[in-house]
Every structure is written in structure tokens, then in C-alpha cells.
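Working notes, beginning with the structure itself.
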Amino acid sequence: MISSDPEDALASFAIRSVGADHVVWASDFPHPDAHFPDAVDVFLASTRADGLTDDDLQRVLWDTPARFYRLADRFTPSMRA
């Protein structure tokens with residue numbers, strides 16, 4: 001397990017190193033010094049600035065966790081908006 005802050009380049013490094021199919025993202029909410037409510041926006045801005053694609057981010061934020069927790073069968077594509 002690797003942990004980093006939303007703006008930390010370690011997240012982009014991990015995604016490039018092991019692939020977006022092996023990385024999931026989570027916030028630190030409700031930890032008192034969490035970046036909430038902007039953690040997702042900070043993560044997206046940082047990883048996009050590092051050159052990751054929207055496809056990579058789709059896999060990290062939805063596809064990989066859904067597969068890991070076996071949620072994909074419970075939700076239809078129209079519910080993933």
C-alpha cells in the first residue's frame with residue numbers, strides 16, 4: 001500500500017509504475033486536516049498536470065475500485081455519470 005496527499009506527485013508515479021488498473025484513490029475525510037471538500041479536484045489537477053489521461057483517472061477513481069469491491073455488476077453504465 002502506498003499513501004500520498006492529493007497533490008503529491010507520488011500518486012502519478014504509482015499510477016505510471018504499476019498501472020491504473022492497480023491503483024485506487026481515497027480521500028482522508030473526515031480527518032481534521034483532510035483536503036475535503038476539494039480533494040478530488042486537487043487530485044485531478046495534480047495528476048493531469050503530471051500528464052495522466054482521463055482514461056487513467058477513470059480507472060483509478062471508478063473502474064479499479066469497482067472491480068476490487070465487486071461493485072461493477074451492481075451499477076449500470078448510465079448510473080456512472
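Note on naming: chains are A, B, ... as they come in the C-alpha cells, residues start from 1 per chain, ligands start from 1 in the order shown.
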Query raised in the report: Per DSSP on the backbone, what are the helix (DSSP H, G or I) residues of chain A, as a PyMOL selection string?
Result: chain A and resi 9-18+20-22+39-49+54-68+72-74+77-80
Quick one: write out the picked residues with C-alpha atoms as a PDB file, in the first residue's frame?
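Output (result.pdb):
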```
ATOM      1  CA  ALA A   9       3.493  13.522  -7.347  1.00  0.00           C
ATOM      2  CA  LEU A  10       3.762  10.086  -5.718  1.00  0.00           C
ATOM      3  CA  ALA A  11       0.233   9.284  -6.909  1.00  0.00           C
ATOM      4  CA  SER A  12       1.172   9.920 -10.545  1.00  0.00           C
ATOM      5  CA  PHE A  13       4.394   7.948 -10.093  1.00  0.00           C
ATOM      6  CA  ALA A  14       2.487   4.987  -8.647  1.00  0.00           C
ATOM      7  CA  ILE A  15      -0.068   5.036 -11.467  1.00  0.00           C
ATOM      8  CA  ARG A  16       2.685   5.100 -14.086  1.00  0.00           C
ATOM      9  CA  SER A  17       4.729   2.437 -12.285  1.00  0.00           C
ATOM     10  CA  VAL A  18       2.105  -0.219 -11.592  1.00  0.00           C
ATOM     11  CA  ALA A  20      -4.056   2.482 -13.311  1.00  0.00           C
ATOM     12  CA  ASP A  21      -5.613  -0.970 -13.054  1.00  0.00           C
ATOM     13  CA  HIS A  22      -3.740  -1.481  -9.769  1.00  0.00           C
ATOM     14  CA  ALA A  39      -9.600  16.633  -2.503  1.00  0.00           C
ATOM     15  CA  VAL A  40     -10.869  15.177  -5.791  1.00  0.00           C
ATOM     16  CA  ASP A  41     -10.311  18.455  -7.639  1.00  0.00           C
ATOM     17  CA  VAL A  42      -6.791  18.732  -6.190  1.00  0.00           C
ATOM     18  CA  PHE A  43      -6.037  15.117  -7.162  1.00  0.00           C
ATOM     19  CA  LEU A  44      -7.363  15.609 -10.704  1.00  0.00           C
ATOM     20  CA  ALA A  45      -5.450  18.848 -11.237  1.00  0.00           C
ATOM     21  CA  SER A  46      -2.222  17.351  -9.939  1.00  0.00           C
ATOM     22  CA  THR A  47      -2.389  14.115 -11.907  1.00  0.00           C
ATOM     23  CA  ARG A  48      -3.493  15.861 -15.117  1.00  0.00           C
ATOM     24  CA  ALA A  49      -0.596  18.304 -14.721  1.00  0.00           C
ATOM     25  CA  ASP A  54      -8.742  10.933 -18.315  1.00  0.00           C
ATOM     26  CA  ASP A  55      -8.789   7.188 -19.078  1.00  0.00           C
ATOM     27  CA  ASP A  56      -6.151   6.600 -16.377  1.00  0.00           C
ATOM     28  CA  LEU A  57      -8.153   8.668 -13.913  1.00  0.00           C
ATOM     29  CA  GLN A  58     -11.409   6.882 -14.810  1.00  0.00           C
ATOM     30  CA  ARG A  59      -9.727   3.600 -13.957  1.00  0.00           C
ATOM     31  CA  VAL A  60      -8.231   4.886 -10.671  1.00  0.00           C
ATOM     32  CA  LEU A  61     -11.387   6.645  -9.456  1.00  0.00           C
ATOM     33  CA  TRP A  62     -14.046   4.183 -10.647  1.00  0.00           C
ATOM     34  CA  ASP A  63     -13.108   1.106 -12.648  1.00  0.00           C
ATOM     35  CA  THR A  64     -10.420  -0.380 -10.401  1.00  0.00           C
ATOM     36  CA  PRO A  65     -12.247   0.190  -7.081  1.00  0.00           C
ATOM     37  CA  ALA A  66     -15.488  -1.113  -8.609  1.00  0.00           C
ATOM     38  CA  ARG A  67     -13.688  -4.266  -9.742  1.00  0.00           C
ATOM     39  CA  PHE A  68     -11.869  -4.668  -6.407  1.00  0.00           C
ATOM     40  CA  ALA A  72     -19.411  -3.179 -11.261  1.00  0.00           C
ATOM     41  CA  ASP A  73     -22.271  -5.668 -11.563  1.00  0.00           C
ATOM     42  CA  ARG A  74     -24.478  -3.568  -9.275  1.00  0.00           C
ATOM     43  CA  PRO A  77     -23.142   2.479 -17.137  1.00  0.00           C
ATOM     44  CA  SER A  78     -25.935   5.084 -17.030  1.00  0.00           C
ATOM     45  CA  MET A  79     -25.510   5.301 -13.241  1.00  0.00           C
ATOM     46  CA  ARG A  80     -21.782   6.144 -13.577  1.00  0.00           C
TER      47      ARG A  80
END
```
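Atom CA of Asp33 of chain A is positioned 27.1 Å from atom CA of Gly51 of chain A.
Here atom CA of His31 of chain A is placed at a distance of 26.5 Å from atom CA of Arg70 of chain A.
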Requested in this report: Measure the distance from atom CA of Gly19 of chain A to atom CA of Thr53 of chain A in Å and round it to one decimal.
Outcome: 12.0 Å
